[in-house]
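Have a look at the structure below before the remarks.
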Amino acid sequence: MNKIVKLTVVLFLVCAIVAGVLGGVNLITKDKIAEQDRIKTAKAYSAVLEASDYTDVDYDQATFTTIDRIVKADDKGYVVTTTFSGAQGSITMAVGVDTDMKCTGISIISHTETAGLGATAAADTDAGRAFRDQFVGMSGSGSLVVGKNVIAVSGATVSTKGITMGANAALAAVEALG
């Protein structure tokens, strides 16, 4: 019985020390990580719709549950941040929508897709850019369909569908703004 108590105390102390170290590392790095995320998001916004100012817009969050944020990009349109499921996890992206309700571009902010497959859609390569560029000029929420007017990335159908659903959701959210 004495051994069990001793092992329990030792295990508790080890866990407490490790948790303390992890908490300390988080405390030290959280501001740096938040700043990097802010920079990456700002680059994604300017990549899909260049503007001097991005202003938050209120939207129906109960209806558009996959929309993280909508910002007005001067008088040029809107940038919608949305998160959808891919093959390996979530895909967070910025979708530009101009005043004519047409997609101006898609920029992937973060993803956990498989390298060489789903990650191809997000990559800064010819194949990744070609996939994302096909959305430019498309309009009509719900009208973007993989296999109909969106060509999937070979071997990454689930990731492609996730990005397409995100683009459809962004178009629908901006259309609902009026």
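By order in the structure tokens, chains are A, B, ...; within a chain, residues start at 1; ligands start at 1, following the order shown.
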Q: Run DSSP on the backbone of this structure and report the residues of stretch 42-150 of chain A it assigns to helix (DSSP H, G or I), as a ChimeraX atom specification.
A: /A:42-48,118-121,126-133
Would you save the residues from that selection as a short mmCIF file (atom, residue, chain, number, x, y, z; two decimals), in the first residue's frame, using all heavy atoms?
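That gives us again30.cif:
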```cif
data_model
loop_
_atom_site.label_atom_id
_atom_site.label_comp_id
_atom_site.auth_asym_id
_atom_site.auth_seq_id
_atom_site.Cartn_x
_atom_site.Cartn_y
_atom_site.Cartn_z
N ALA A 42 -3.67 38.98 -42.32
CA ALA A 42 -3.60 40.24 -43.08
C ALA A 42 -3.10 39.99 -44.50
O ALA A 42 -3.62 40.57 -45.46
CB ALA A 42 -2.69 41.24 -42.36
N LYS A 43 -2.11 39.12 -44.66
CA LYS A 43 -1.61 38.78 -45.99
C LYS A 43 -2.69 38.08 -46.81
O LYS A 43 -2.83 38.33 -48.02
CB LYS A 43 -0.37 37.90 -45.90
CG LYS A 43 0.88 38.65 -45.49
CD LYS A 43 2.07 37.71 -45.43
CE LYS A 43 3.32 38.45 -44.99
NZ LYS A 43 4.48 37.55 -44.88
N ALA A 44 -3.45 37.20 -46.17
CA ALA A 44 -4.52 36.48 -46.86
C ALA A 44 -5.59 37.46 -47.32
O ALA A 44 -6.10 37.36 -48.44
CB ALA A 44 -5.12 35.41 -45.95
N TYR A 45 -5.93 38.42 -46.47
CA TYR A 45 -6.94 39.42 -46.84
C TYR A 45 -6.48 40.22 -48.06
O TYR A 45 -7.24 40.38 -49.00
CB TYR A 45 -7.20 40.38 -45.68
CG TYR A 45 -8.10 39.84 -44.59
CD1 TYR A 45 -8.42 38.49 -44.48
CD2 TYR A 45 -8.63 40.70 -43.63
CE1 TYR A 45 -9.22 38.02 -43.47
CE2 TYR A 45 -9.45 40.23 -42.62
CZ TYR A 45 -9.74 38.89 -42.54
OH TYR A 45 -10.56 38.44 -41.54
N SER A 46 -5.26 40.71 -48.01
CA SER A 46 -4.79 41.53 -49.14
C SER A 46 -4.61 40.70 -50.40
O SER A 46 -4.71 41.22 -51.51
CB SER A 46 -3.51 42.27 -48.78
OG SER A 46 -2.45 41.38 -48.55
N ALA A 47 -4.39 39.41 -50.27
CA ALA A 47 -4.24 38.55 -51.45
C ALA A 47 -5.57 38.34 -52.17
O ALA A 47 -5.59 38.20 -53.39
CB ALA A 47 -3.66 37.19 -51.05
N VAL A 48 -6.68 38.36 -51.43
CA VAL A 48 -7.97 38.10 -52.07
C VAL A 48 -8.72 39.38 -52.43
O VAL A 48 -9.55 39.37 -53.34
CB VAL A 48 -8.88 37.19 -51.21
CG1 VAL A 48 -8.24 35.83 -51.03
CG2 VAL A 48 -9.24 37.81 -49.89
N GLY A 118 -4.07 16.86 -50.17
CA GLY A 118 -4.93 17.99 -49.83
C GLY A 118 -4.17 19.28 -49.66
O GLY A 118 -4.68 20.37 -49.94
N ALA A 119 -2.93 19.19 -49.21
CA ALA A 119 -2.12 20.39 -49.02
C ALA A 119 -1.79 21.06 -50.35
O ALA A 119 -1.46 22.25 -50.38
CB ALA A 119 -0.83 20.05 -48.26
N THR A 120 -1.91 20.34 -51.44
CA THR A 120 -1.65 20.91 -52.77
C THR A 120 -2.59 22.08 -53.04
O THR A 120 -2.19 23.07 -53.64
CB THR A 120 -1.83 19.83 -53.86
OG1 THR A 120 -0.91 18.77 -53.59
CG2 THR A 120 -1.57 20.38 -55.25
N ALA A 121 -3.84 21.97 -52.60
CA ALA A 121 -4.81 23.04 -52.83
C ALA A 121 -4.41 24.33 -52.11
O ALA A 121 -4.75 25.42 -52.56
CB ALA A 121 -6.19 22.59 -52.36
N ASP A 126 2.30 26.05 -58.58
CA ASP A 126 1.47 26.24 -59.77
C ASP A 126 0.14 25.50 -59.63
O ASP A 126 -0.91 26.05 -59.97
CB ASP A 126 2.21 25.75 -61.02
CG ASP A 126 3.38 26.66 -61.40
OD1 ASP A 126 3.39 27.83 -60.95
OD2 ASP A 126 4.27 26.19 -62.13
N ALA A 127 0.19 24.27 -59.13
CA ALA A 127 -1.04 23.48 -58.98
C ALA A 127 -1.98 24.10 -57.96
O ALA A 127 -3.19 24.17 -58.18
CB ALA A 127 -0.70 22.05 -58.57
N GLY A 128 -1.45 24.56 -56.84
CA GLY A 128 -2.27 25.19 -55.81
C GLY A 128 -2.90 26.49 -56.29
O GLY A 128 -4.10 26.73 -56.10
N ARG A 129 -2.08 27.32 -56.94
CA ARG A 129 -2.61 28.59 -57.46
C ARG A 129 -3.65 28.34 -58.55
O ARG A 129 -4.68 29.01 -58.60
CB ARG A 129 -1.47 29.47 -57.98
CG ARG A 129 -0.68 30.14 -56.87
CD ARG A 129 0.33 31.14 -57.41
NE ARG A 129 1.39 30.51 -58.21
CZ ARG A 129 2.50 29.99 -57.70
NH1 ARG A 129 2.72 30.04 -56.41
NH2 ARG A 129 3.41 29.45 -58.49
N ALA A 130 -3.40 27.37 -59.42
CA ALA A 130 -4.35 27.06 -60.49
C ALA A 130 -5.69 26.59 -59.91
O ALA A 130 -6.75 26.99 -60.39
CB ALA A 130 -3.78 25.99 -61.42
N PHE A 131 -5.62 25.78 -58.87
CA PHE A 131 -6.86 25.32 -58.24
C PHE A 131 -7.63 26.50 -57.66
O PHE A 131 -8.83 26.67 -57.91
CB PHE A 131 -6.57 24.28 -57.15
CG PHE A 131 -7.78 24.01 -56.30
CD1 PHE A 131 -8.85 23.30 -56.81
CD2 PHE A 131 -7.85 24.49 -55.00
CE1 PHE A 131 -9.99 23.07 -56.04
CE2 PHE A 131 -8.98 24.27 -54.22
CZ PHE A 131 -10.05 23.55 -54.75
N ARG A 132 -6.98 27.33 -56.87
CA ARG A 132 -7.66 28.46 -56.23
C ARG A 132 -8.09 29.52 -57.25
O ARG A 132 -9.14 30.14 -57.08
CB ARG A 132 -6.77 29.07 -55.14
CG ARG A 132 -6.56 28.12 -53.96
CD ARG A 132 -5.83 28.79 -52.81
NE ARG A 132 -4.58 29.44 -53.18
CZ ARG A 132 -3.40 28.82 -53.30
NH1 ARG A 132 -3.31 27.53 -53.08
NH2 ARG A 132 -2.32 29.49 -53.63
N ASP A 133 -7.32 29.73 -58.30
CA ASP A 133 -7.64 30.75 -59.30
C ASP A 133 -8.92 30.43 -60.08
O ASP A 133 -9.55 31.33 -60.61
CB ASP A 133 -6.48 30.95 -60.27
CG ASP A 133 -5.32 31.71 -59.65
OD1 ASP A 133 -5.50 32.28 -58.54
OD2 ASP A 133 -4.24 31.74 -60.26
#
```
Q) Among stretch 81-170 of chain A, which residues carry a DSSP assignment of strand (DSSP E), reported as a PyMOL selection string? A) chain A and resi 81-85+90-98+103-111
Q. Looking at A:Val80, A:Val158, A:Val10, A:Ala173, which one is nearest to A:Thr104, with distances taken over only C-alpha atoms?
A. A:Val80
Q.
Could you check the closest approach to A:Thr164 for each of A:Ile91, A:Leu13, A:Asp124, A:Thr99 and tell me which residue wins, using only C-alpha atoms?
A. A:Ile91
Set the distance at 10 Å and use only C-alpha atoms: which residues neighbour A:Asp60 once local chain neighbours fewer than 4 positions away are removed? I'd like the list as a short mmCIF file (atom, residue, chain, number, x, y, z; two decimals) with C-alpha atoms, in the first residue's frame.
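Contents of selection29.cif, freshly written:
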```cif
data_model
loop_
_atom_site.label_atom_id
_atom_site.label_comp_id
_atom_site.auth_asym_id
_atom_site.auth_seq_id
_atom_site.Cartn_x
_atom_site.Cartn_y
_atom_site.Cartn_z
CA PHE A 64 -23.72 31.17 -40.96
CA THR A 65 -22.05 28.94 -38.38
CA ILE A 67 -18.20 31.90 -41.02
CA ALA A 173 -23.04 35.22 -46.28
CA ALA A 176 -27.33 37.87 -47.14
CA LEU A 177 -25.73 41.20 -46.16
#
```
**Q.** Counting only C-alpha atoms, the option among A:Val57, A:Ile163, A:Ala16, A:Val21 closest to A:Val146
**A.** A:Ile163
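Note that the spacing between atom CA of A:Leu171 and atom CA of A:Gly147 amounts to 19.0 Å.
Among the candidates A:Asn149, A:Ile109, A:Gly96, A:Lys32, the residue lying nearest to A:Ala167 is A:Gly96 (atoms considered: only C-alpha atoms).
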